[in-house]
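Visitor: To be precise about what I am sending: the file is called upload.txt and holds compact mmCIF, C-alpha atoms.
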# COMPACT_ATOMS: atom_id res chain seq x y z
CA MET Q 216 -17.40 32.03 23.40
CA SER Q 217 -15.52 35.20 22.51
CA SER Q 218 -12.31 36.68 23.90
CA THR Q 219 -11.14 40.28 23.77
CA THR Q 220 -7.74 41.51 24.95
CA PHE Q 221 -7.52 45.09 26.20
CA PRO Q 222 -4.55 47.51 26.07
CA ASN Q 223 -3.63 46.65 29.69
CA GLY Q 224 -3.16 43.01 28.71
CA GLN Q 225 -6.31 41.76 30.44
CA THR Q 226 -8.49 39.36 28.48
CA LEU Q 227 -12.27 39.27 28.80
CA THR Q 228 -13.89 35.98 27.85
CA SER Q 229 -17.65 35.93 27.36
CA SER Q 230 -20.24 33.24 26.72
CA ALA Q 231 -22.66 35.80 25.23
CA GLN Q 232 -24.68 34.66 22.25
CA THR Q 233 -25.10 36.82 19.15
CA PRO Q 234 -28.35 37.30 17.22
CA GLU Q 235 -26.97 34.93 14.58
CA SER Q 236 -25.93 32.21 17.02
CA MET Q 237 -29.24 32.44 18.89
CA ALA Q 238 -31.19 32.08 15.66
CA SER Q 239 -29.04 29.07 14.72
CA LEU Q 240 -29.68 27.40 18.08
CA PHE Q 241 -33.41 27.87 17.71
CA GLN Q 242 -33.33 26.69 14.10
CA ILE Q 243 -32.46 23.22 15.39
CA LEU Q 244 -34.96 23.38 18.25
CA VAL Q 245 -37.83 24.63 16.09
CA ALA Q 246 -37.21 21.92 13.49
CA GLN Q 247 -37.49 19.37 16.30
CA ALA Q 248 -40.59 21.12 17.62
CA LEU Q 249 -42.17 20.80 14.18
CA GLY Q 250 -41.38 17.09 14.07
CA ILE Q 251 -38.47 17.35 11.60
CA ASP Q 252 -35.37 15.54 12.87
CA PRO Q 253 -32.33 17.63 11.84
CA GLN Q 254 -30.09 14.52 12.21
CA LEU Q 255 -27.29 16.97 12.92
CA ILE Q 256 -23.86 15.36 13.22
CA VAL Q 257 -20.74 17.44 13.66
CA THR Q 258 -17.38 15.75 13.15
CA ALA Q 259 -14.02 16.30 11.44
CA MET Q 260 -13.01 15.32 7.93
CA SER Q 261 -10.15 15.17 5.47
CA THR Q 262 -10.77 16.37 1.92
CA THR Q 263 -8.91 16.30 -1.38
CA ALA Q 264 -9.54 18.97 -4.00
CA GLY Q 265 -11.34 17.48 -6.99
CA SER Q 266 -12.38 14.34 -5.15
CA ALA Q 267 -15.87 13.58 -3.88
CA VAL Q 268 -14.49 11.09 -1.35
CA ILE Q 269 -13.86 12.30 2.18
CA THR Q 270 -12.73 10.58 5.37
CA VAL Q 271 -14.66 11.42 8.53
CA ALA Q 272 -13.49 11.05 12.12
CA VAL Q 273 -16.83 9.68 13.38
CA ALA Q 274 -19.22 7.95 10.99
CA ALA Q 275 -22.06 7.06 13.36
CA GLY Q 276 -25.34 8.57 12.20
CA ILE Q 277 -24.13 9.56 8.75
CA ALA Q 278 -26.42 8.24 6.03
CA ALA Q 279 -26.97 8.54 2.29
CA GLY Q 280 -29.12 11.50 1.36
CA GLN Q 281 -27.94 13.73 4.18
CA GLN Q 282 -26.72 17.20 3.39
CA SER Q 283 -23.05 17.80 4.07
CA ALA Q 284 -21.53 21.20 4.74
CA GLY Q 285 -18.05 22.35 5.57
CA ALA Q 286 -15.04 24.20 4.19
CA GLY Q 287 -14.28 22.90 0.71
CA ILE Q 288 -17.68 21.28 0.20
CA PRO Q 289 -19.90 23.08 -2.34
CA ALA Q 290 -23.34 24.14 -1.11
CA GLY Q 291 -26.08 21.67 -1.93
CA THR Q 292 -23.81 18.64 -1.57
CA THR Q 293 -25.32 15.42 -0.22
CA VAL Q 294 -23.96 12.06 0.89
CA LEU Q 295 -24.20 9.40 -1.83
CA SER Q 296 -22.83 6.56 0.31
CA ILE Q 297 -20.80 5.82 3.39
CA THR Q 298 -18.58 2.80 4.01
CA GLY Q 299 -16.73 2.72 7.28
CA ASN Q 300 -15.28 6.18 7.73
CA VAL Q 301 -15.20 6.98 4.01
CA ALA Q 302 -18.09 8.96 2.57
CA THR Q 303 -18.76 9.67 -1.09
CA LEU Q 304 -20.40 13.01 -1.77
CA SER Q 305 -22.53 14.19 -4.67
CA GLN Q 306 -20.01 16.89 -5.66
CA PRO Q 307 -16.21 16.99 -5.57
CA CYS Q 308 -14.49 19.02 -2.85
CA THR Q 309 -12.87 22.29 -3.80
CA ALA Q 310 -10.00 22.18 -1.28
CA THR Q 311 -7.48 19.79 0.21
CA ALA Q 312 -7.56 19.89 3.98
CA ALA Q 313 -7.28 17.71 7.07
CA ASP Q 314 -9.12 17.79 10.37
CA VAL Q 315 -11.67 20.41 9.33
CA ALA Q 316 -15.20 20.60 10.71
CA VAL Q 317 -18.03 19.05 8.72
CA THR Q 318 -21.72 18.71 9.45
CA PHE Q 319 -24.17 16.14 8.15
CA SER Q 320 -27.86 16.78 8.51
CA ASN Q 321 -31.35 16.51 7.14
CA ALA Q 322 -31.65 19.27 4.53
CA ALA Q 323 -35.44 19.30 4.95
CA ALA Q 324 -34.99 20.82 8.41
CA TRP Q 325 -33.04 23.84 7.15
CA TYR Q 326 -35.37 24.30 4.19
CA ALA Q 327 -38.41 24.36 6.48
CA VAL Q 328 -36.83 26.49 9.22
CA ARG Q 329 -34.89 29.48 7.92
CA ILE Q 330 -33.06 32.38 9.48
CA GLU Q 331 -33.95 35.95 8.61
CA TRP Q 332 -31.66 38.75 7.50
CA PRO Q 333 -28.96 36.98 5.45
CA GLN Q 334 -26.60 39.65 4.15
CA GLU Q 335 -27.37 39.28 0.47
CA GLY Q 336 -30.86 37.84 0.82
CA GLN Q 337 -32.05 34.31 0.15
CA PRO Q 338 -34.49 32.67 -2.26
CA ALA Q 339 -38.15 32.91 -1.34
CA TRP Q 340 -40.70 30.13 -0.94
CA GLY Q 341 -43.90 28.93 -2.59
CA ILE Q 342 -47.39 29.71 -1.35
CA THR Q 343 -48.08 26.02 -0.62
CA GLU Q 344 -44.86 25.50 1.36
CA ASP Q 345 -44.86 25.56 5.16
CA ILE Q 346 -41.82 27.59 6.15
CA CYS Q 347 -40.82 29.09 9.51
CA PHE Q 348 -38.50 32.09 9.69
CA ILE Q 349 -36.57 32.92 12.86
CA ARG Q 350 -35.02 36.11 14.07
CA ALA Q 351 -33.46 36.74 17.47
CA THR Q 352 -33.10 40.23 18.90
CA PRO Q 353 -31.56 41.16 22.25
CA ALA Q 354 -33.91 42.94 24.64
CA ASP Q 355 -33.44 45.23 27.62
CA THR Q 356 -35.38 44.55 30.81
CA PRO Q 357 -34.78 45.41 34.50
CA PHE Q 358 -33.37 41.88 34.92
CA SER Q 359 -30.53 42.68 32.53
CA GLN Q 360 -29.26 45.56 34.69
CA ALA Q 361 -28.00 43.46 37.61
CA ARG Q 362 -24.53 41.88 37.53
CA ASP Q 363 -23.06 39.43 40.02
CA SER Q 364 -19.28 39.22 40.40
CA ILE Q 365 -16.97 36.85 42.25
CA ASP Q 366 -13.18 37.30 42.50
CA THR Q 367 -11.18 34.08 42.74
CA PRO Q 368 -7.41 34.14 43.40
CA ASN Q 369 -5.31 32.28 40.85
CA ASP Q 370 -1.57 32.14 41.36
CA GLY Q 371 -0.68 34.89 43.82
CA VAL Q 372 -0.22 37.54 41.17
CA SER Q 373 -3.60 37.38 39.41
CA LEU Q 374 -7.24 36.74 40.09
CA THR Q 375 -10.18 35.75 37.94
CA LYS Q 376 -13.12 38.09 38.09
CA GLN Q 377 -16.23 36.15 37.10
CA THR Q 378 -19.30 38.16 36.24
CA ALA Q 379 -22.74 36.85 35.42
CA TYR Q 380 -25.76 38.69 34.10
CA THR Q 381 -29.02 38.03 32.31
CA GLN Q 382 -29.44 38.85 28.64
CA PRO Q 383 -33.10 38.79 27.62
CA TRP Q 384 -33.92 37.79 24.03
CA ASP Q 385 -36.98 38.07 21.87
CA LEU Q 386 -37.34 35.11 19.53
CA HIS Q 387 -39.70 35.90 16.71
CA PHE Q 388 -41.17 33.08 14.66
CA CYS Q 389 -42.80 34.05 11.39
CA LEU Q 390 -44.60 31.21 9.64
CA TYR Q 391 -45.99 31.01 6.14
CA GLY Q 392 -47.92 28.24 4.47
CA PRO Q 393 -51.29 26.54 4.64
CA ASN Q 394 -50.57 25.13 8.13
CA CYS Q 395 -48.85 28.20 9.55
CA ALA Q 396 -51.29 28.91 12.39
CA ASP Q 397 -51.21 25.36 13.69
CA ARG Q 398 -47.43 25.15 13.36
CA ALA Q 399 -47.10 28.38 15.37
CA ARG Q 400 -49.29 26.81 18.04
CA LEU Q 401 -47.09 23.71 17.95
CA ILE Q 402 -43.88 25.74 18.42
CA VAL Q 403 -45.26 27.44 21.53
CA SER Q 404 -46.50 24.15 22.97
CA ALA Q 405 -43.29 22.27 22.18
CA LEU Q 406 -41.00 24.95 23.65
CA SER Q 407 -42.94 24.75 26.91
CA LEU Q 408 -42.02 21.08 27.35
CA ASP Q 409 -39.19 19.54 29.38
CA TRP Q 410 -37.12 18.38 26.41
CA ALA Q 411 -36.86 21.93 25.09
CA HIS Q 412 -36.11 23.30 28.56
CA ASP Q 413 -33.36 20.72 29.06
CA ALA Q 414 -31.78 21.39 25.66
CA LEU Q 415 -31.77 25.14 26.25
CA ALA Q 416 -30.63 24.90 29.88
CA GLN Q 417 -27.43 23.19 28.73
CA LEU Q 418 -26.66 26.42 26.89
CA GLY Q 419 -27.68 28.68 29.79
CA ILE Q 420 -30.92 29.74 28.08
CA TYR Q 421 -34.27 29.69 29.87
CA VAL Q 422 -37.72 30.44 28.56
CA VAL Q 423 -39.71 33.25 30.13
CA PRO Q 424 -43.02 31.51 30.82
CA ARG Q 425 -45.26 34.01 29.10
CA TRP Q 426 -46.83 31.81 26.46
CA ASN Q 427 -47.88 34.37 23.89
CA ARG Q 428 -50.51 33.21 21.44
CA PRO Q 429 -49.79 33.37 17.70
CA THR Q 430 -51.42 35.99 15.53
CA TYR Q 431 -52.83 34.98 12.15
CA ALA Q 432 -52.90 37.59 9.41
CA PRO Q 433 -52.56 36.46 5.78
CA GLU Q 434 -50.92 39.02 3.53
CA VAL Q 435 -51.60 39.81 -0.09
CA PHE Q 436 -48.74 39.41 -2.53
CA GLN Q 437 -48.97 39.42 -6.30
CA GLY Q 438 -52.68 38.76 -6.42
CA GLN Q 439 -52.85 35.99 -3.82
CA TRP Q 440 -53.39 35.85 -0.06
CA TRP Q 441 -50.43 34.15 1.61
CA PRO Q 442 -51.30 32.55 4.98
CA ARG Q 443 -49.06 33.95 7.72
CA ALA Q 444 -48.83 33.50 11.49
CA ASP Q 445 -46.44 35.20 13.93
CA VAL Q 446 -45.50 34.55 17.51
CA THR Q 447 -42.78 35.98 19.75
CA LEU Q 448 -41.40 34.26 22.85
CA GLN Q 449 -38.97 35.66 25.39
CA PHE Q 450 -35.91 33.88 26.74
CA ASN Q 451 -33.27 34.77 29.31
CA GLU Q 452 -29.66 33.91 28.62
CA LEU Q 453 -27.23 33.49 31.51
CA VAL Q 454 -24.10 35.25 30.27
CA GLN Q 455 -20.85 34.47 32.06
CA GLU Q 456 -17.80 36.61 31.56
CA SER Q 457 -14.39 36.19 33.11
CA LEU Q 458 -11.47 38.56 33.32
CA ILE Q 459 -8.01 37.71 34.56
CA ALA Q 460 -6.70 40.74 36.42
CA PRO Q 461 -3.45 41.29 38.38
CA THR Q 462 -3.70 41.41 42.15
CA ALA Q 463 -2.16 44.14 44.33
CA LEU Q 464 1.28 43.09 45.56
CA GLY Q 465 1.62 45.85 48.10
CA ILE Q 466 -0.11 48.91 49.39
CA GLU Q 467 1.03 52.14 50.95
CA VAL Q 468 -1.17 53.67 53.63
CA THR Q 469 -0.78 57.25 54.75
CA LEU Q 470 -2.35 58.27 58.07
CA VAL Q 471 -3.09 61.94 58.43
CA LYS Q 472 -3.32 63.07 62.02
CA GLU Q 473 -5.27 66.05 63.25
CA ASN Q 474 -2.11 68.04 63.95
CA ILE Q 475 -1.15 67.65 60.24
CA LEU Q 476 1.72 65.35 61.07
CA THR Q 477 1.69 62.29 58.85
CA THR Q 478 2.85 58.74 59.29
CA GLU Q 479 3.53 56.45 56.35
CA ILE Q 480 3.09 52.75 56.77
CA ASP Q 481 4.20 50.35 54.03
CA ILE Q 482 2.26 47.17 54.50
CA GLY Q 483 4.45 45.47 51.93
CA SER Q 484 3.54 42.47 49.93
CA ILE Q 485 -0.03 41.34 50.43
CA ALA Q 486 -0.22 39.08 47.44
CA SER Q 487 -3.16 36.80 47.78
CA MET U 213 -40.08 41.11 -35.19
CA ILE U 214 -37.16 43.45 -34.71
CA GLN U 215 -34.26 41.84 -32.83
CA VAL U 216 -33.25 44.68 -30.51
CA GLY U 217 -30.53 42.38 -29.23
CA ASP U 218 -28.57 43.23 -32.39
CA ILE U 219 -28.50 46.87 -31.30
CA VAL U 220 -27.60 45.99 -27.70
CA ASN U 221 -24.43 44.28 -28.90
CA ASP U 222 -23.67 46.81 -31.65
CA PRO U 223 -20.07 47.99 -31.16
CA ASP U 224 -21.34 51.58 -31.26
CA PHE U 225 -23.30 50.93 -28.05
CA ALA U 226 -21.89 47.84 -26.30
CA GLN U 227 -19.25 47.99 -23.58
CA PRO U 228 -15.92 47.46 -25.34
CA GLY U 229 -14.46 45.14 -22.73
CA GLY U 230 -17.64 43.24 -22.09
CA VAL U 231 -19.39 42.88 -18.76
CA THR U 232 -19.08 40.19 -16.07
CA ILE U 233 -22.23 38.71 -14.59
CA ILE U 234 -21.65 37.13 -11.17
CA ARG U 235 -24.10 34.34 -10.35
CA THR U 236 -24.37 32.98 -6.81
CA ARG U 237 -26.20 29.77 -6.07
CA GLY U 238 -26.48 28.20 -2.66
CA SER U 239 -28.60 26.12 -0.33
CA PHE U 240 -30.24 26.19 3.07
CA VAL U 241 -28.01 24.63 5.72
CA ALA U 242 -27.72 24.62 9.51
CA GLY U 243 -27.22 28.27 10.33
CA GLY U 244 -29.18 29.60 7.38
CA TRP U 245 -28.66 30.32 3.70
CA ARG U 246 -25.17 29.44 2.52
CA ALA U 247 -23.92 30.77 -0.80
CA ASN U 248 -21.63 28.80 -3.08
CA ALA U 249 -18.52 30.37 -4.48
CA PRO U 250 -19.82 32.81 -7.13
CA ILE U 251 -19.48 31.94 -10.82
CA SER U 252 -18.35 34.64 -13.26
CA ILE U 253 -20.08 34.70 -16.65
CA GLN U 254 -18.56 36.76 -19.43
CA SER U 255 -21.36 38.75 -21.03
CA SER U 256 -21.81 41.64 -23.37
CA GLY U 257 -24.29 44.46 -23.75
CA THR U 258 -24.91 48.11 -23.21
CA ILE U 259 -24.81 49.93 -19.90
CA VAL U 260 -26.45 53.31 -19.40
CA PRO U 261 -27.08 55.26 -16.18
CA ALA U 262 -30.52 54.76 -14.66
CA GLU U 263 -30.06 56.99 -11.67
CA ALA U 264 -27.29 59.42 -10.82
CA GLU U 265 -24.71 58.42 -8.22
CA ALA U 266 -25.91 60.30 -5.18
CA LEU U 267 -24.21 61.24 -1.95
CA GLU U 268 -26.12 60.50 1.22
CA GLN U 269 -24.57 62.02 4.31
CA VAL U 270 -25.46 60.29 7.54
CA PRO U 271 -23.74 60.78 10.90
CA GLU U 272 -21.88 57.51 10.46
CA GLY U 273 -20.33 58.48 7.13
CA ASP U 274 -20.94 59.29 3.48
CA ARG U 275 -22.76 56.69 1.46
CA VAL U 276 -23.06 56.68 -2.29
CA SER U 277 -26.01 55.16 -4.10
CA GLY U 278 -26.81 54.90 -7.77
CA SER U 279 -28.15 52.57 -10.41
CA LEU U 280 -27.52 51.47 -13.98
CA GLN U 281 -29.54 49.93 -16.75
CA PHE U 282 -27.92 46.89 -18.35
CA LEU U 283 -29.18 45.77 -21.74
CA THR U 284 -27.94 42.32 -22.68
CA THR U 285 -28.82 39.31 -24.79
CA ASP U 286 -27.77 36.96 -21.97
CA PRO U 287 -30.36 35.83 -19.41
CA ILE U 288 -29.93 37.70 -16.15
CA TYR U 289 -31.89 36.98 -12.99
CA GLU U 290 -33.26 38.43 -9.79
CA THR U 291 -33.32 36.01 -6.84
CA LEU U 292 -34.89 32.83 -8.19
CA GLU U 293 -35.96 29.91 -6.02
CA SER U 294 -36.08 27.49 -8.94
CA LEU U 295 -32.45 28.30 -9.71
CA GLY U 296 -31.44 28.18 -6.03
CA ALA U 297 -29.74 31.49 -6.61
CA ILE U 298 -29.80 34.99 -5.22
CA SER U 299 -29.90 38.01 -7.52
CA ASP U 300 -27.10 38.23 -10.05
CA LYS U 301 -24.41 40.85 -9.67
CA VAL U 302 -22.63 42.73 -12.40
CA ALA U 303 -19.03 43.93 -12.19
CA TRP U 304 -18.49 47.09 -14.18
CA ASN U 305 -16.07 49.99 -14.00
CA GLY U 306 -14.52 48.85 -10.73
CA GLN U 307 -17.85 48.61 -8.91
CA THR U 308 -20.23 45.75 -8.20
CA TYR U 309 -23.92 46.19 -8.89
CA ARG U 310 -26.84 43.96 -7.93
CA VAL U 311 -29.80 43.13 -10.13
CA GLN U 312 -32.83 44.92 -8.71
CA SER U 313 -35.28 44.20 -11.51
CA VAL U 314 -35.33 42.51 -14.91
CA THR U 315 -37.60 43.36 -17.80
CA PRO U 316 -37.56 40.21 -19.97
CA TRP U 317 -37.78 41.54 -23.52
CA LYS U 318 -36.53 38.14 -24.62
CA ASP U 319 -39.03 37.91 -27.51
CA PHE U 320 -37.19 40.90 -28.92
CA GLY U 321 -33.83 39.29 -28.17
CA PHE U 322 -32.69 41.07 -25.05
CA TYR U 323 -33.08 41.58 -21.30
CA SER U 324 -33.12 44.93 -19.54
CA ALA U 325 -31.93 44.89 -15.94
CA ILE U 326 -31.80 47.66 -13.37
CA LEU U 327 -28.65 47.34 -11.24
CA VAL U 328 -28.05 49.05 -7.90
CA ARG U 329 -24.61 50.01 -6.65
CA MET U 330 -23.56 47.68 -3.81
CA GLY U 331 -20.43 49.25 -2.41
CA GLY U 332 -22.01 52.11 -0.52
CA ALA U 333 -18.71 53.95 -0.24
Let me see whether you can do it: turn the structure in this file into structure tokens.

Guide:
Amino acid sequence: MSSTTFPNGQTLTSSAQTPESMASLFQILVAQALGIDPQLIVTAMSTTAGSAVITVAVAAGIAAGQQSAGAGIPAGTTVLSITGNVATLSQPCTATAADVAVTFSNAAAWYAVRIEWPQEGQPAWGITEDICFIRATPADTPFSQARDSIDTPNDGVSLTKQTAYTQPWDLHFCLYGPNCADRARLIVSALSLDWAHDALAQLGIYVVPRWNRPTYAPEVFQGQWWPRADVTLQFNELVQESLIAPTALGIEVTLVKENILTTEIDIGSIAS
Amino acid sequence: MIQVGDIVNDPDFAQPGGVTIIRTRGSFVAGGWRANAPISIQSSGTIVPAEAEALEQVPEGDRVSGSLQFLTTDPIYETLESLGAISDKVAWNGQTYRVQSVTPWKDFGFYSAILVRMGGA
């Protein structure tokens, strides 16, 4: 959810996803589609610089071996143990903070399902590893041209203008590894099922039921053929934007008669 | 075997103030690759131009490219999965450069890296 305030003081709030946020959403979904439970838990924590012990707000689901990530936690840190709401990590925290977001998850999911186009690149993978790469790009279709708006009065001096439109997305899945073709098939099949529909619908995202088939085209790199499969699926995102705008408090109407004489009528306050 | 590394660090050639190698490790997390805070490694060696700094004028603005050759006795890496690290950077003369390639002449006591200018402006 983003908010932008304009020079006239009006603020536009939008639910629109970004390419990065869409890819992140599908990273979780694709891991599940491939049978890898991300075990993703998002909670709050308190950290102390130099200490590997943190206190979490909610401990349910946190287990030893899970990856932990958050401000002040070095990358690659895992949970060594958890007792009550106190977790011991594999590396000391680098900052002292309270009530900051932390995630615990299954690192295998993020290793196996990666997001393309990181700013400074990312390490590659081995020829025997099954890895899926995701990229999300916004598309333009006739469906994205239409916009529906509803004006709802607020407090007599302002109204909320709610606008909804469709943002189409292309989700491209690029898979490497010995099982890439079958894993591409699995992604398409899994994303056509109810559980995926329900998870996406909660976010206002709906699959376009054109079930493209994966292509399989190994590529040569450094003297070896690397198995590779690609498939692209389309999704429609329901974007909702709202703008709080002032209402008219009065209006002046001027009637011009045929004989050029005019009559001014002040209707006065017509605040909604 | 001649140790060319001795020449690389010879005061007649080497950078007087040394050179900083910036190493960035990280891991794959929810949301993609996440880099750790970079680690600065004090290094030494010789820097020579590999490619002139060049102006590229595009409608959006002027971009400057260029590259250097860095000869050092310290190991320097391109992106390396086994290290969990992306390509090293080198801070020199107020600019940051990224390792584009490494020629490992380590049997002769040195590494030769091609660095590309990162700033763009």

Visitor: Please identify all polymer residues within 10 Å of Pro368 of chain Q, counting all atoms listed in the file, omitting same-chain residues fewer than 4 positions from it, and present them as an MDAnalysis selection string.

Guide: chainID Q and resid 372:376 459:462 486:487

Visitor: One decimal, Å: what's the distance from atom CA of Ala361 of chain Q over to atom CA of Ala379 of chain Q, could you say?

Guide: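 Atom CA of Ala379 of chain Q lies 8.7 Å from atom CA of Ala361 of chain Q.
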
Visitor: By how many Å are atom CA of Phe358 of chain Q and atom CA of Asn451 of chain Q apart?

Guide: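 Rounded to one decimal, the two atoms are 9.1 Å apart.
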
Visitor: Please determine, counting all atoms listed in the file, which residue among Q:Gln254, Q:Gln382, Q:Gln337, Q:Thr447 has the shortest atom-to-atom distance to Ser320 of chain Q.

Guide: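 Of all the options, Q:Gln254 lies closest to Ser320 of chain Q.
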
Visitor: Taking (-23.8, 24.5, 5.1) in the file's coordinates as the center, which residues reach within 6 Å of it, counting all atoms listed in the file, put as a count of residues only?

Guide: 4

Visitor: Using all atoms listed in the file, which chain U residues lie at most 6 Å away from chain Q, written as a PyMOL selection string?

Guide: chain U and resi 238-244+248+291-293+298

Visitor: Save the residues we just selected, C-alpha atoms, as a tab-separated table (two decimals), keeping the file's coordinate frame?

Guide:
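The resulting file, selection26.tsv, is reproduced below:
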chain	number	residue	atom	x	y	z
U	238	GLY	CA	-26.48	28.20	-2.66
U	239	SER	CA	-28.60	26.12	-0.33
U	240	PHE	CA	-30.24	26.19	3.07
U	241	VAL	CA	-28.01	24.63	5.72
U	242	ALA	CA	-27.72	24.62	9.51
U	243	GLY	CA	-27.22	28.27	10.33
U	244	GLY	CA	-29.18	29.60	7.38
U	248	ASN	CA	-21.63	28.80	-3.08
U	291	THR	CA	-33.32	36.01	-6.84
U	292	LEU	CA	-34.89	32.83	-8.19
U	293	GLU	CA	-35.96	29.91	-6.02
U	298	ILE	CA	-29.80	34.99	-5.22

Visitor: Might you pull out every residue within 12 Å of Gly229 of chain U, with only C-alpha atoms counted and same-chain residues fewer than 2 positions away left off, and present them as a ChimeraX atom specification?

Guide: /U:221,223,225-227,231-232,254-259,303-305

Visitor: What separation in Å, quoted to one decimal, exists between atom CA of Ala231 of chain Q and atom CA of Ala351 of chain Q?

Guide: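 Between these atoms lies a distance of 13.3 Å.
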
Visitor: Name the residues in contact with Val268 of chain Q at a cut-off of 9 Å, using all atoms listed in the file, excluding same-chain residues fewer than 4 positions from it; report them as a VMD selection string.

Guide: chain Q and resid 262 to 263 301 to 304 307 to 308

Visitor: Store the residues picked out above, limited to C-alpha atoms, as a PDB file, in the coordinates of the input.

Guide:
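Writing the result to out.pdb gives the following:
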ATOM      1  CA  THR Q 262     -10.770  16.370   1.920  1.00  0.00           C
ATOM      2  CA  THR Q 263      -8.910  16.300  -1.380  1.00  0.00           C
ATOM      3  CA  VAL Q 301     -15.200   6.980   4.010  1.00  0.00           C
ATOM      4  CA  ALA Q 302     -18.090   8.960   2.570  1.00  0.00           C
ATOM      5  CA  THR Q 303     -18.760   9.670  -1.090  1.00  0.00           C
ATOM      6  CA  LEU Q 304     -20.400  13.010  -1.770  1.00  0.00           C
ATOM      7  CA  PRO Q 307     -16.210  16.990  -5.570  1.00  0.00           C
ATOM      8  CA  CYS Q 308     -14.490  19.020  -2.850  1.00  0.00           C
TER       9      CYS Q 308
END

Visitor: Identify, on the basis of all atoms listed in the file, every residue whose closest approach to Val302 of chain U does not exceed 12 Å; exclude the query and any residue fewer than 6 positions from it along the same chain; express the result as number ranges by chain.

Guide: U: 230-236, 250-257, 259, 279-284, 288-290, 308-312, 325-330

Visitor: Residues near Val422 of chain Q, anyone? I mean within 8 Å using all atoms listed in the file, not counting same-chain ones fewer than 5 positions away, as a list in words.

Guide: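 Using all atoms listed in the file, the neighbours found are Ser407, His412, Leu448, Gln449, Phe450 and Asn451 of chain Q.
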
Visitor: Find the smallest box with edges along x, y and z containing every listed atom of segment 318-331 of chain U, then add 4 Å on each side and report centre and edge lengths in Å to one decimal, as AutoDock Vina command-line options.

Guide:
--center_x -29.7 --center_y 44.0 --center_z -15.7 --size_x 26.6 --size_y 20.1 --size_z 34.5

Visitor: Using all atoms listed in the file, find the one residue out of U:Ser294, U:Ser277, U:Gln269, U:Ser313 that sits nearest to Gly332 of chain U.

Guide: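 Residue with the minimum atom-to-atom distance to Gly332 of chain U: U:Ser277.
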
Visitor: Counting only C-alpha atoms, which residues have an atom no more than 6 Å from (-29.1, 39.3, -24.0) in the file's coordinates? Please list them as a ChimeraX atom specification.

Guide: /U:284-287,322-323

Visitor: Between Q:Thr293, Q:Asn300, Q:Asn427, Q:Thr343, which one has atoms that come closest to Thr270 of chain Q, using all atoms listed in the file?

Guide: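 Looking at the shortest contact to Thr270 of chain Q, the residue is Q:Asn300.
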